[in-house]
>>> print(open('coords.csv').read())   # CSV, C-alpha atoms
chain,number,residue,atom,x,y,z
L,28,MET,CA,-18.2,14.0,61.7
L,29,LYS,CA,-21.7,13.9,63.3
L,30,LYS,CA,-21.7,13.5,67.0
L,31,TYR,CA,-24.5,11.7,68.9
L,32,LYS,CA,-25.8,11.8,72.4
L,33,SER,CA,-25.0,8.3,73.4
L,34,ILE,CA,-28.5,7.5,74.9
L,35,GLU,CA,-30.2,9.0,71.8
L,36,LEU,CA,-28.1,6.9,69.5
L,37,LEU,CA,-28.8,3.7,71.4
L,38,GLU,CA,-32.5,4.5,71.5
L,39,GLN,CA,-32.6,5.2,67.8
L,40,LEU,CA,-30.9,1.9,67.2
L,41,GLN,CA,-33.4,0.1,69.4
L,42,SER,CA,-36.2,1.7,67.5
L,43,ASP,CA,-34.6,0.6,64.1
L,44,THR,CA,-34.3,-2.9,65.5
L,45,ARG,CA,-38.0,-2.9,66.5
L,46,GLN,CA,-38.8,-1.9,62.9
L,47,LEU,CA,-36.9,-5.0,61.7
L,48,ILE,CA,-38.8,-7.2,64.3
L,49,LEU,CA,-42.1,-5.8,62.9
L,50,THR,CA,-41.1,-6.6,59.3
L,51,ALA,CA,-40.0,-10.1,60.4
L,52,ASN,CA,-43.5,-10.6,62.0
L,53,TYR,CA,-45.0,-9.7,58.7
L,54,LEU,CA,-42.7,-12.3,57.0
L,55,GLN,CA,-44.1,-14.9,59.4
L,56,THR,CA,-47.5,-14.4,57.8
L,57,ILE,CA,-46.2,-15.1,54.3
L,58,ASP,CA,-46.4,-18.6,52.6
L,59,PRO,CA,-43.1,-20.5,53.3
L,60,GLY,CA,-42.9,-21.5,49.7
L,61,VAL,CA,-42.6,-17.8,48.8
L,62,LEU,CA,-39.9,-17.2,51.4
L,63,LEU,CA,-37.8,-20.1,50.0
L,64,GLN,CA,-38.1,-19.2,46.4
L,65,GLU,CA,-35.0,-17.8,44.6
L,66,PRO,CA,-35.9,-14.6,42.7
L,67,ALA,CA,-33.4,-15.7,39.9
L,68,PRO,CA,-31.0,-18.6,39.6
L,69,GLY,CA,-28.2,-18.1,42.1
L,70,LYS,CA,-29.9,-15.2,43.9
L,71,TRP,CA,-30.8,-15.6,47.6
L,72,SER,CA,-34.3,-16.4,48.8
L,73,VAL,CA,-35.7,-14.4,51.7
L,74,ILE,CA,-34.8,-17.1,54.1
L,75,GLN,CA,-31.2,-17.2,52.8
L,76,VAL,CA,-30.9,-13.5,53.4
L,77,LEU,CA,-32.2,-14.0,56.9
L,78,GLU,CA,-29.8,-16.9,57.5
L,79,HIS,CA,-27.0,-14.6,56.3
L,80,LEU,CA,-28.0,-12.1,58.9
L,81,ASN,CA,-28.2,-14.8,61.5
L,82,SER,CA,-24.6,-15.9,60.8
L,83,TYR,CA,-23.4,-12.3,61.4
L,84,GLY,CA,-25.6,-12.1,64.6
L,85,ARG,CA,-24.0,-15.3,65.9
L,86,TYR,CA,-20.6,-13.6,65.7
L,87,TYR,CA,-21.4,-10.0,66.7
L,88,LEU,CA,-23.9,-10.6,69.5
L,89,LEU,CA,-21.5,-12.8,71.3
L,90,SER,CA,-18.6,-10.4,70.7
L,91,ILE,CA,-20.7,-7.5,72.0
L,92,GLU,CA,-21.9,-9.5,75.0
L,93,ARG,CA,-18.3,-10.1,76.0
L,94,SER,CA,-17.3,-6.5,75.5
L,95,LEU,CA,-20.1,-5.4,77.8
L,96,GLU,CA,-18.3,-7.0,80.7
L,97,ASN,CA,-16.1,-3.9,80.6
L,98,ASP,CA,-17.2,-1.5,83.4
L,99,LYS,CA,-16.0,1.8,82.0
L,100,PRO,CA,-18.6,4.4,82.9
L,101,ALA,CA,-21.0,5.8,80.2
L,102,VAL,CA,-20.1,8.8,78.1
L,103,GLU,CA,-22.7,11.4,77.3
L,104,VAL,CA,-21.5,12.1,73.8
L,105,PHE,CA,-20.5,9.5,71.2
L,106,MET,CA,-18.2,10.5,68.4
L,107,PRO,CA,-18.0,7.8,65.6
L,108,GLY,CA,-14.6,6.5,64.7
L,109,TRP,CA,-13.4,7.0,61.2
L,110,LEU,CA,-13.5,3.4,60.2
L,111,GLY,CA,-16.7,2.6,62.0
L,112,ASN,CA,-18.4,5.5,60.2
L,113,TYR,CA,-17.0,4.4,56.9
L,114,PHE,CA,-18.4,0.8,57.3
L,115,THR,CA,-21.8,2.1,58.5
L,116,LYS,CA,-22.1,4.5,55.5
L,117,LEU,CA,-21.1,1.7,53.2
L,118,MET,CA,-23.9,-0.6,54.5
L,119,LYS,CA,-26.7,1.8,55.1
L,120,PRO,CA,-29.5,2.1,52.5
L,121,GLY,CA,-30.3,5.5,51.2
L,122,GLU,CA,-33.4,7.5,52.4
L,123,ASP,CA,-35.4,6.1,49.5
L,124,GLY,CA,-34.3,2.5,50.3
L,125,ALA,CA,-31.8,2.4,47.5
L,126,ILE,CA,-28.7,0.2,47.8
L,127,ILE,CA,-25.5,1.7,46.5
L,128,ASN,CA,-22.1,0.0,46.5
L,129,LYS,CA,-23.3,-3.6,46.0
L,130,THR,CA,-20.8,-6.0,47.5
L,131,LYS,CA,-20.3,-9.7,47.6
L,132,SER,CA,-20.6,-11.4,51.0
L,133,PRO,CA,-17.6,-13.2,52.5
L,134,LYS,CA,-17.5,-17.0,51.9
L,135,ASP,CA,-18.2,-18.0,55.5
L,136,HIS,CA,-21.4,-15.9,55.5
L,137,ARG,CA,-23.0,-17.4,52.4
L,138,PRO,CA,-26.1,-19.3,53.4
L,139,SER,CA,-26.9,-22.9,52.4
L,140,LYS,CA,-29.7,-23.4,49.9
L,141,TYR,CA,-31.3,-26.0,52.1
L,142,LEU,CA,-32.9,-24.2,55.0
L,143,ASP,CA,-36.1,-24.6,57.1
L,144,VAL,CA,-38.2,-21.5,57.2
L,145,PHE,CA,-39.4,-21.7,60.8
L,146,PRO,CA,-36.0,-22.1,62.7
L,147,VAL,CA,-34.4,-19.4,60.6
L,148,LEU,CA,-37.2,-16.9,61.3
L,149,THR,CA,-37.3,-17.8,65.0
L,150,THR,CA,-33.5,-17.4,65.3
L,151,PHE,CA,-33.7,-14.1,63.6
L,152,LEU,CA,-36.3,-12.8,66.0
L,153,GLU,CA,-34.5,-14.2,69.0
L,154,GLN,CA,-31.3,-12.4,67.9
L,155,GLN,CA,-33.1,-9.1,67.4
L,156,HIS,CA,-34.6,-9.3,70.9
L,157,TYR,CA,-31.2,-10.0,72.3
L,158,LEU,CA,-29.8,-7.1,70.4
L,159,LEU,CA,-32.4,-4.8,72.0
L,160,GLU,CA,-31.3,-6.1,75.4
L,161,LEU,CA,-27.6,-5.5,74.6
L,162,LEU,CA,-28.4,-2.0,73.4
L,163,GLU,CA,-30.2,-1.4,76.7
L,164,GLN,CA,-27.3,-2.7,78.7
L,165,ALA,CA,-25.0,-0.5,76.7
L,166,LYS,CA,-26.8,2.6,78.0
L,167,SER,CA,-24.7,2.4,81.2
L,168,LYS,CA,-21.4,1.5,79.4
L,169,ASN,CA,-18.8,3.5,77.6
L,170,ILE,CA,-19.7,2.9,73.9
L,171,SER,CA,-16.8,5.0,72.8
L,172,GLY,CA,-14.0,3.5,74.9
L,173,ILE,CA,-15.0,-0.2,74.6
L,174,ARG,CA,-13.9,-1.7,71.4
L,175,THR,CA,-15.0,-4.9,69.6
L,176,PRO,CA,-13.2,-6.8,66.8
L,177,ILE,CA,-14.9,-7.0,63.4
L,178,SER,CA,-15.7,-10.4,61.9
L,179,ILE,CA,-13.2,-10.3,59.0
L,180,SER,CA,-10.2,-9.4,61.1
L,181,ARG,CA,-9.7,-9.6,64.8
L,182,LEU,CA,-7.0,-7.0,64.5
L,183,ILE,CA,-9.5,-4.3,63.5
L,184,ARG,CA,-11.5,-3.1,66.5
L,185,LEU,CA,-14.4,-0.7,66.2
L,186,LYS,CA,-15.9,1.4,69.0
L,187,LEU,CA,-18.8,-0.4,70.5
L,188,GLY,CA,-21.2,2.4,69.3
L,189,ASP,CA,-20.0,1.9,65.8
L,190,THR,CA,-20.3,-1.9,66.0
L,191,PHE,CA,-24.0,-1.4,66.9
L,192,ARG,CA,-24.5,1.1,64.1
L,193,PHE,CA,-22.8,-1.1,61.5
L,194,LEU,CA,-24.7,-4.2,62.6
L,195,VAL,CA,-28.1,-2.5,62.4
L,196,ALA,CA,-27.2,-0.8,59.0
L,197,HIS,CA,-26.2,-4.2,57.6
L,198,GLU,CA,-29.5,-5.6,58.6
L,199,GLN,CA,-31.4,-2.7,57.2
L,200,ARG,CA,-29.5,-3.1,53.9
L,201,HIS,CA,-30.6,-6.7,53.6
L,202,PHE,CA,-34.2,-5.9,54.5
L,203,VAL,CA,-34.3,-3.7,51.4
L,204,GLN,CA,-33.0,-6.8,49.5
L,205,ILE,CA,-35.8,-8.9,51.2
L,206,ASP,CA,-38.4,-6.4,50.1
L,207,ASN,CA,-37.1,-6.5,46.5
L,208,THR,CA,-36.8,-10.3,46.5
L,209,LEU,CA,-40.5,-10.6,47.6
L,210,ALA,CA,-41.6,-8.3,44.9
L,211,MET,CA,-39.7,-10.3,42.3
L,212,VAL,CA,-40.9,-13.7,43.6
L,213,LYS,CA,-44.6,-12.6,43.8
L,214,GLY,CA,-44.4,-10.4,40.7
L,215,THR,CA,-45.8,-7.5,42.5
L,216,ILE,CA,-44.7,-4.1,43.7
L,217,ASN,CA,-42.8,-3.9,47.0
L,218,ILE,CA,-45.1,-4.7,49.9
L,219,PHE,CA,-43.4,-2.8,52.7
L,220,PRO,CA,-43.5,1.0,52.7
L,221,ALA,CA,-40.0,2.5,52.4
L,222,ASN,CA,-40.3,4.0,55.9
L,223,HIS,CA,-40.2,0.5,57.3
L,224,LEU,CA,-36.6,0.2,56.4
L,225,VAL,CA,-35.1,3.6,56.4
L,226,MET,CA,-32.7,4.6,59.2
L,227,GLN,CA,-33.9,7.7,60.8
L,228,GLN,CA,-30.5,8.9,62.3
M,22,MET,CA,-39.5,19.6,83.5
M,23,ASP,CA,-43.2,20.4,83.3
M,24,THR,CA,-45.3,17.8,85.0
M,25,SER,CA,-48.4,20.0,85.5
M,26,SER,CA,-50.6,18.2,83.1
M,27,LEU,CA,-49.8,14.8,84.7
M,28,GLN,CA,-50.5,16.3,88.1
M,29,GLN,CA,-53.8,17.7,86.8
M,30,PHE,CA,-54.7,14.3,85.4
M,31,ILE,CA,-53.9,12.4,88.6
M,32,ASN,CA,-55.9,14.9,90.6
M,33,LEU,CA,-59.0,14.1,88.5
M,34,VAL,CA,-58.6,10.3,88.9
M,35,HIS,CA,-57.3,9.8,92.4
M,36,PRO,CA,-55.9,12.8,94.3
M,37,LEU,CA,-52.6,12.2,96.2
M,38,LYS,CA,-51.3,14.0,99.3
M,39,GLU,CA,-48.5,16.4,98.9
M,40,GLU,CA,-45.6,14.1,99.8
M,41,GLU,CA,-46.9,11.3,97.7
M,42,MET,CA,-47.5,13.5,94.7
M,43,THR,CA,-44.0,15.0,95.0
M,44,LYS,CA,-42.5,11.5,95.0
M,45,PHE,CA,-44.7,10.4,92.2
M,46,LEU,CA,-43.9,13.4,89.9
M,47,ALA,CA,-40.2,12.9,90.6
M,48,ILE,CA,-39.9,9.6,88.7
M,49,TRP,CA,-40.8,11.0,85.2
M,50,GLN,CA,-38.4,11.9,82.4
M,51,PRO,CA,-39.3,13.7,79.2
M,52,PHE,CA,-39.1,11.6,76.0
M,53,GLU,CA,-39.9,12.5,72.4
M,54,CYS,CA,-39.9,10.7,69.1
M,55,LYS,CA,-40.8,11.0,65.5
M,56,ARG,CA,-43.9,9.5,63.8
M,57,LYS,CA,-44.0,5.8,63.1
M,58,THR,CA,-41.5,5.0,65.8
M,59,ILE,CA,-42.1,1.6,67.5
M,60,LEU,CA,-42.0,2.1,71.2
M,61,THR,CA,-42.5,-1.6,72.1
M,62,ALA,CA,-42.2,-4.6,69.9
M,63,ALA,CA,-44.1,-7.9,70.2
M,64,GLY,CA,-42.0,-10.2,72.3
M,65,GLU,CA,-40.5,-7.3,74.4
M,66,THR,CA,-41.5,-6.7,78.0
M,67,GLU,CA,-42.7,-3.2,78.6
M,68,LYS,CA,-40.2,-1.1,80.5
M,69,TYR,CA,-42.0,2.2,80.7
M,70,LEU,CA,-45.2,3.8,81.7
M,71,TYR,CA,-45.8,6.8,79.4
M,72,PHE,CA,-47.9,9.9,79.9
M,73,VAL,CA,-48.8,11.4,76.6
M,74,LEU,CA,-48.3,15.2,76.2
M,75,GLU,CA,-48.7,15.4,72.5
M,76,GLY,CA,-49.4,13.1,69.5
M,77,VAL,CA,-51.3,9.9,68.8
M,78,GLN,CA,-50.1,6.3,69.4
M,79,ARG,CA,-51.5,3.0,68.3
M,80,ALA,CA,-51.2,-0.6,69.6
M,81,PHE,CA,-51.6,-3.3,67.0
M,82,TYR,CA,-51.4,-7.1,66.7
M,83,ILE,CA,-50.1,-9.1,63.8
M,84,GLY,CA,-51.7,-12.5,63.4
M,85,HIS,CA,-50.2,-15.4,61.5
M,86,GLU,CA,-53.2,-15.7,59.2
M,87,LYS,CA,-55.2,-12.6,59.4
M,88,GLN,CA,-54.0,-9.1,58.8
M,89,GLU,CA,-53.1,-6.8,61.6
M,90,ALA,CA,-55.7,-5.6,64.2
M,91,THR,CA,-55.6,-2.3,66.0
M,92,ILE,CA,-56.1,-2.8,69.7
M,93,VAL,CA,-56.1,0.7,71.2
M,94,PHE,CA,-55.2,4.3,70.5
M,95,THR,CA,-53.7,6.7,73.1
M,96,TYR,CA,-53.4,10.5,73.0
M,97,ALA,CA,-53.1,13.4,75.4
M,98,PRO,CA,-53.8,13.6,78.2
M,99,SER,CA,-53.7,9.9,79.1
M,100,PHE,CA,-51.3,7.1,79.9
M,101,SER,CA,-49.7,4.9,77.2
M,102,GLY,CA,-47.4,1.9,77.0
M,103,VAL,CA,-48.3,-1.8,76.8
M,104,ALA,CA,-50.3,-1.9,80.0
M,105,ASP,CA,-50.7,-5.6,80.4
M,106,SER,CA,-47.0,-6.3,79.7
M,107,LEU,CA,-46.0,-3.5,82.0
M,108,LEU,CA,-48.1,-4.6,85.0
M,109,THR,CA,-47.4,-8.3,84.6
M,110,GLN,CA,-43.7,-7.9,83.4
M,111,THR,CA,-44.3,-10.5,80.7
M,112,PRO,CA,-43.7,-10.2,77.0
M,113,SER,CA,-46.1,-8.1,74.9
M,114,LYS,CA,-48.1,-9.9,72.2
M,115,TYR,CA,-48.4,-6.7,70.2
M,116,PHE,CA,-46.6,-3.6,69.0
M,117,LEU,CA,-47.0,0.0,70.2
M,118,GLU,CA,-46.1,2.7,67.7
M,119,THR,CA,-46.5,6.5,67.3
M,120,LEU,CA,-48.8,7.6,64.5
M,121,THR,CA,-47.6,11.2,64.8
M,122,SER,CA,-44.5,12.8,66.3
M,123,SER,CA,-45.1,12.5,70.0
M,124,ARG,CA,-44.0,14.0,73.3
M,125,PHE,CA,-44.2,12.0,76.5
M,126,LEU,CA,-43.3,11.9,80.2
M,127,ARG,CA,-42.1,8.4,81.0
M,128,ALA,CA,-41.3,6.4,84.1
M,129,SER,CA,-39.5,3.1,84.4
M,130,TYR,CA,-41.4,0.1,85.8
M,131,ARG,CA,-38.7,-0.3,88.4
M,132,GLN,CA,-39.3,3.1,89.9
M,133,LEU,CA,-43.0,2.9,89.6
M,134,ASP,CA,-43.0,-0.5,91.3
M,135,GLN,CA,-40.8,0.8,94.1
M,136,LEU,CA,-43.1,3.7,94.7
M,137,MET,CA,-46.2,1.5,94.8
M,138,ASN,CA,-44.5,-0.6,97.4
M,139,GLU,CA,-43.6,2.4,99.5
M,140,TYR,CA,-46.9,4.3,99.2
M,141,PRO,CA,-50.2,2.5,99.4
M,142,ALA,CA,-52.0,5.6,98.0
M,143,VAL,CA,-49.9,5.4,94.8
M,144,GLN,CA,-50.8,1.7,94.5
M,145,ARG,CA,-54.5,2.5,95.0
M,146,MET,CA,-54.2,5.2,92.3
M,147,VAL,CA,-52.7,2.7,89.9
M,148,LEU,CA,-55.4,0.2,90.8
M,149,ARG,CA,-58.0,2.8,90.0
M,150,LEU,CA,-56.5,3.7,86.7
M,151,THR,CA,-56.2,0.0,85.8
M,152,SER,CA,-59.8,-0.7,86.9
M,153,PHE,CA,-61.1,1.9,84.5
M,154,ALA,CA,-58.9,0.6,81.7
M,155,LEU,CA,-60.3,-2.9,82.4
M,156,LYS,CA,-63.9,-1.6,82.3
M,157,GLY,CA,-63.1,0.0,78.9
M,158,VAL,CA,-61.6,-3.1,77.5
M,159,LEU,CA,-64.6,-5.3,78.6
M,160,GLU,CA,-67.1,-2.8,77.2
M,161,ARG,CA,-65.2,-2.8,73.9
M,162,GLN,CA,-65.3,-6.6,74.0
M,163,ILE,CA,-69.1,-6.4,74.1
M,164,GLU,CA,-69.2,-4.0,71.2
M,165,LEU,CA,-66.9,-6.2,69.1
M,166,GLN,CA,-68.9,-9.3,69.7
M,167,CYS,CA,-72.5,-8.0,69.7
M,168,PHE,CA,-72.7,-4.7,67.7
M,169,SER,CA,-73.3,-4.3,64.0
M,170,ALA,CA,-70.8,-2.2,62.0
M,171,GLU,CA,-73.1,0.7,62.1
M,172,GLU,CA,-73.6,0.5,65.9
M,173,LYS,CA,-69.8,0.2,66.5
M,174,PHE,CA,-69.3,3.2,64.3
M,175,LYS,CA,-71.9,5.3,66.1
M,176,THR,CA,-70.7,4.3,69.5
M,177,LEU,CA,-67.1,5.2,68.7
M,178,LEU,CA,-68.1,8.6,67.4
M,179,LYS,CA,-70.4,9.4,70.3
M,180,ARG,CA,-67.7,8.5,72.8
M,181,SER,CA,-64.7,10.1,71.0
M,182,PRO,CA,-65.9,12.3,68.0
M,183,HIS,CA,-62.5,14.0,67.8
M,184,VAL,CA,-60.7,10.8,66.7
M,185,LEU,CA,-62.0,11.3,63.2
M,186,GLN,CA,-59.8,14.4,62.9
M,187,ILE,CA,-56.6,13.0,64.5
M,188,ILE,CA,-56.5,9.3,63.4
M,189,PRO,CA,-56.3,8.0,59.9
M,190,HIS,CA,-59.6,6.3,59.0
M,191,LYS,CA,-58.0,3.0,57.9
M,192,TYR,CA,-56.8,2.6,61.5
M,193,LEU,CA,-60.2,3.5,62.9
M,194,ALA,CA,-61.7,0.9,60.6
M,195,SER,CA,-59.2,-1.7,61.9
M,196,TYR,CA,-60.0,-0.7,65.5
M,197,LEU,CA,-63.6,-1.4,64.9
M,198,GLY,CA,-62.9,-4.6,63.0
M,199,ILE,CA,-64.7,-3.4,59.8
M,200,ASP,CA,-63.1,-2.9,56.4
M,201,ALA,CA,-62.0,0.5,55.2
M,202,THR,CA,-64.7,0.8,52.5
M,203,THR,CA,-67.5,0.0,55.0
M,204,PHE,CA,-66.0,2.7,57.2
M,205,SER,CA,-66.1,5.4,54.6
M,206,LYS,CA,-69.7,4.4,53.5
M,207,LEU,CA,-70.8,4.7,57.1
M,208,LEU,CA,-69.0,8.1,57.4
M,209,GLY,CA,-71.0,9.3,54.4
M,210,SER,CA,-74.4,7.9,55.4
M,211,VAL,CA,-74.8,7.7,59.2
M,212,ARG,CA,-76.4,10.7,61.0
M,213,LEU,CA,-75.0,11.1,64.4
>>> encode(input="coords.csv", output="C-alpha cells")
Amino acid sequence: MKKYKSIELLEQLQSDTRQLILTANYLQTIDPGVLLQEPAPGKWSVIQVLEHLNSYGRYYLLSIERSLENDKPAVEVFMPGWLGNYFTKLMKPGEDGAIINKTKSPKDHRPSKYLDVFPVLTTFLEQQHYLLELLEQAKSKNISGIRTPISISRLIRLKLGDTFRFLVAHEQRHFVQIDNTLAMVKGTINIFPANHLVMQQ
Amino acid sequence: MDTSSLQQFINLVHPLKEEEMTKFLAIWQPFECKRKTILTAAGETEKYLYFVLEGVQRAFYIGHEKQEATIVFTYAPSFSGVADSLLTQTPSKYFLETLTSSRFLRASYRQLDQLMNEYPAVQRMVLRLTSFALKGVLERQIELQCFSAEEKFKTLLKRSPHVLQIIPHKYLASYLGIDATTFSKLLGSVRL
C-alpha cells in the first residue's frame, strides 16, 4: 500500500479542498433556477448534491473536531489502513473524472427536494473552510494513531488520515456528478475542465 | 537549503546587516507544487509569504456576475502569496494558483511577524517592499481606468516583454481587462 509523508498528504488534501471551493465559487455565479433543476425525474439537482455533501460534513467535521482533542504527537509517515484505503478508492473518481462503482446513498443522507440555493451554497463553503482549518490543525497530530468512527457504524473506526482522504474523495466524486448534472440541465458540454476535479495524489 | 537568490533579492531592495540577514533567512522552508495548484482560496487568510524560485503564479477574482479577473502574476525572483490578506490577516477576496509547476521558499506569517517586531530593519525592509508593491498597484489602476486596449497592451510589453513567453495569452488578456480576440489582434498588429 502507498505510504505518504503526513504533511504532504494533508497539504494535498488542502489543495484538493481549495479546488472544490473554487468550483463552488463558480457555482455561485450560475442562475439559481439552473442549480435547482433536476436533470431527469428523480435525479438530484446540483443543490441537492451539495446538501447531500453538507449532511456528511455535519457528521464528519464534528467527529474530526472531537478527535483532534487527542494530543498524540505527529507521525512523519502515514500508512493508510486497509479499510480506509478501500473506502477512499471506492469513492475517488478516475483520472479522467469517470465514476465507477455507482452506489446508492444511505437514507439519512438523501436530500429534500425543497431547498434554498443560497444557504446550501453558503453552508458548503463554510464547511470547506472549516475542513481546511481542521487539516491544518491535523499537521501537528497523529493522523495514524487517532481514529474516528464512520457515519454508518460507530463500531468501525478509520485512521484520521483515512477519514480525511475518504471525506475529500467523496466530495470529489459528487463534484463530477455536479458537472454532469449541469451539462444535462443546460444541454451543453461539461463546463469545468477535468483537472478541476481530479485528485492529484 | 539554498537561500542565495532570496538573499540577493533582499540586498537589491533593502540590505540587512549580517545578524538580521541570518535571522531572516532562517525562517524559510522549501515548498514545491504541481501546476494548477491553488495555494490560497478566496475566504482563507494567507498564512505564508512565498519567494518564487521557479514557475509562474496567478491571482484571480471570481465575481458573482462577471467572469473571473486576473489580478496579478508572480514569477522568479519575487515574492508571492496574497499580500493584502497576509499583511492584514483578514480573509482573501481572491484565489492564488500556480500556472506551472513551481518551487518556492516560504515563511509563515507568525515567524515573519515575530521577526519584524524584533528587528526594526526587517520591518523597514517589508515596508519598502510593500511600498513598491503599492506603487505598482496604483499605477496599474491608472492604466486600467484611463488607457485604451492598445496602450495597456504596449505598456505591459514594454515593462515585461518576457511574459508573452511564459504566461498563456488568455490570462494576459484577462489581466489587461480586454478580451482574448482583441489581445491576439493587437499581438499581430502593434509594433513595439
>>> interface_residues(input="coords.csv", of="chain M", to="chain L", cutoff="9 Å", atoms="only C-alpha atoms", output="list in words")
Lys55, Lys57, Thr58, Ile59, Leu60, Thr61, Ala62, Ala63, Gly64, Glu65, Ile83, Gly84, His85, Glu86, Lys87, Gln88 and Phe116 of chain M
>>> residues_around(input="coords.csv", residues="segment 197-212 of chain M", least_positions_apart="2", cutoff="12 Å", atoms="only C-alpha atoms", output="PDB file with C-alpha atoms, in the coordinates of the input")
ATOM      1  CA  LYS M  87     -55.200 -12.600  59.400  1.00  0.00           C
ATOM      2  CA  GLN M  88     -54.000  -9.100  58.800  1.00  0.00           C
ATOM      3  CA  GLU M  89     -53.100  -6.800  61.600  1.00  0.00           C
ATOM      4  CA  ALA M  90     -55.700  -5.600  64.200  1.00  0.00           C
ATOM      5  CA  THR M  91     -55.600  -2.300  66.000  1.00  0.00           C
ATOM      6  CA  ILE M  92     -56.100  -2.800  69.700  1.00  0.00           C
ATOM      7  CA  VAL M  93     -56.100   0.700  71.200  1.00  0.00           C
ATOM      8  CA  PHE M  94     -55.200   4.300  70.500  1.00  0.00           C
ATOM      9  CA  ARG M 161     -65.200  -2.800  73.900  1.00  0.00           C
ATOM     10  CA  GLN M 162     -65.300  -6.600  74.000  1.00  0.00           C
ATOM     11  CA  ILE M 163     -69.100  -6.400  74.100  1.00  0.00           C
ATOM     12  CA  GLU M 164     -69.200  -4.000  71.200  1.00  0.00           C
ATOM     13  CA  LEU M 165     -66.900  -6.200  69.100  1.00  0.00           C
ATOM     14  CA  GLN M 166     -68.900  -9.300  69.700  1.00  0.00           C
ATOM     15  CA  PHE M 168     -72.700  -4.700  67.700  1.00  0.00           C
ATOM     16  CA  SER M 169     -73.300  -4.300  64.000  1.00  0.00           C
ATOM     17  CA  ALA M 170     -70.800  -2.200  62.000  1.00  0.00           C
ATOM     18  CA  GLU M 171     -73.100   0.700  62.100  1.00  0.00           C
ATOM     19  CA  GLU M 172     -73.600   0.500  65.900  1.00  0.00           C
ATOM     20  CA  LYS M 173     -69.800   0.200  66.500  1.00  0.00           C
ATOM     21  CA  PHE M 174     -69.300   3.200  64.300  1.00  0.00           C
ATOM     22  CA  LYS M 175     -71.900   5.300  66.100  1.00  0.00           C
ATOM     23  CA  THR M 176     -70.700   4.300  69.500  1.00  0.00           C
ATOM     24  CA  LEU M 177     -67.100   5.200  68.700  1.00  0.00           C
ATOM     25  CA  LEU M 178     -68.100   8.600  67.400  1.00  0.00           C
ATOM     26  CA  LYS M 179     -70.400   9.400  70.300  1.00  0.00           C
ATOM     27  CA  PRO M 182     -65.900  12.300  68.000  1.00  0.00           C
ATOM     28  CA  LEU M 185     -62.000  11.300  63.200  1.00  0.00           C
ATOM     29  CA  PRO M 189     -56.300   8.000  59.900  1.00  0.00           C
ATOM     30  CA  HIS M 190     -59.600   6.300  59.000  1.00  0.00           C
ATOM     31  CA  LYS M 191     -58.000   3.000  57.900  1.00  0.00           C
ATOM     32  CA  TYR M 192     -56.800   2.600  61.500  1.00  0.00           C
ATOM     33  CA  LEU M 193     -60.200   3.500  62.900  1.00  0.00           C
ATOM     34  CA  ALA M 194     -61.700   0.900  60.600  1.00  0.00           C
ATOM     35  CA  SER M 195     -59.200  -1.700  61.900  1.00  0.00           C
TER      36      SER M 195
END
>>> residues_around(input="coords.csv", residues="segment 128-138 of chain L", least_positions_apart="3", cutoff="8 Å", atoms="only C-alpha atoms", output="PDB file with C-alpha atoms, in the coordinates of the input")
ATOM      1  CA  GLN L  75     -31.200 -17.200  52.800  1.00  0.00           C
ATOM      2  CA  VAL L  76     -30.900 -13.500  53.400  1.00  0.00           C
ATOM      3  CA  GLU L  78     -29.800 -16.900  57.500  1.00  0.00           C
ATOM      4  CA  HIS L  79     -27.000 -14.600  56.300  1.00  0.00           C
ATOM      5  CA  SER L  82     -24.600 -15.900  60.800  1.00  0.00           C
ATOM      6  CA  TYR L  83     -23.400 -12.300  61.400  1.00  0.00           C
ATOM      7  CA  LEU L 117     -21.100   1.700  53.200  1.00  0.00           C
TER       8      LEU L 117
END
>>> residues_around(input="coords.csv", residues="Met137 of chain M", least_positions_apart="6", cutoff="10 Å", atoms="only C-alpha atoms", output="PDB file with C-alpha atoms, in the frame of the given file")
ATOM      1  CA  PHE M  45     -44.700  10.400  92.200  1.00  0.00           C
ATOM      2  CA  VAL M 143     -49.900   5.400  94.800  1.00  0.00           C
ATOM      3  CA  GLN M 144     -50.800   1.700  94.500  1.00  0.00           C
ATOM      4  CA  ARG M 145     -54.500   2.500  95.000  1.00  0.00           C
ATOM      5  CA  MET M 146     -54.200   5.200  92.300  1.00  0.00           C
ATOM      6  CA  VAL M 147     -52.700   2.700  89.900  1.00  0.00           C
TER       7      VAL M 147
END
>>> residues_around(input="coords.csv", residues="Leu89 of chain L", least_positions_apart="2", cutoff="12 Å", atoms="all atoms listed in the file", output="list in words")
Ser82, Tyr83, Gly84, Arg85, Tyr86, Tyr87, Ile91, Glu92, Arg93, Ser94, Leu95, Glu96, Gln154, Tyr157, Leu158, Leu161, Thr175, Pro176, Ile177 and Ser178 of chain L
>>> atom_distance(input="coords.csv", atom1="atom CA of Asp98 of chain L", atom2="atom CA of Leu187 of chain L")
13.0 Å
>>> closest_residue(input="coords.csv", among="L:Leu37, L:Leu182, L:Val102, L:Met118", to="His197 of chain L", atoms="all atoms listed in the file")
L:Met118
>>> atom_distance(input="coords.csv", atom1="atom CA of Ser33 of chain L", atom2="atom CA of Leu110 of chain L")
18.2 Å
>>> residues_around(input="coords.csv", residues="Gly188 of chain L", least_positions_apart="4", cutoff="9 Å", atoms="only C-alpha atoms", output="ChimeraX atom specification")
/L:33,36-37,105-107,111,165,169-171,173-174,192-193
>>> decode(input="coords.csv", residues="segment 183-187 of chain M", atoms="N, CA and C atoms", output="PDB file, in the first residue's frame")
ATOM      1  N   HIS M 183       8.913  39.596 -21.471  1.00  0.00           N
ATOM      2  CA  HIS M 183       9.060  38.140 -21.370  1.00  0.00           C
ATOM      3  C   HIS M 183       7.757  37.433 -20.989  1.00  0.00           C
ATOM      4  N   VAL M 184       6.764  38.171 -20.468  1.00  0.00           N
ATOM      5  CA  VAL M 184       5.536  37.489 -20.037  1.00  0.00           C
ATOM      6  C   VAL M 184       4.820  36.811 -21.211  1.00  0.00           C
ATOM      7  N   LEU M 185       5.028  37.345 -22.431  1.00  0.00           N
ATOM      8  CA  LEU M 185       4.425  36.721 -23.622  1.00  0.00           C
ATOM      9  C   LEU M 185       4.855  35.271 -23.780  1.00  0.00           C
ATOM     10  N   GLN M 186       6.091  34.992 -23.350  1.00  0.00           N
ATOM     11  CA  GLN M 186       6.611  33.628 -23.494  1.00  0.00           C
ATOM     12  C   GLN M 186       6.152  32.719 -22.353  1.00  0.00           C
ATOM     13  N   ILE M 187       5.970  33.282 -21.157  1.00  0.00           N
ATOM     14  CA  ILE M 187       5.766  32.391 -20.011  1.00  0.00           C
ATOM     15  C   ILE M 187       4.317  32.323 -19.526  1.00  0.00           C
TER      16      ILE M 187
END
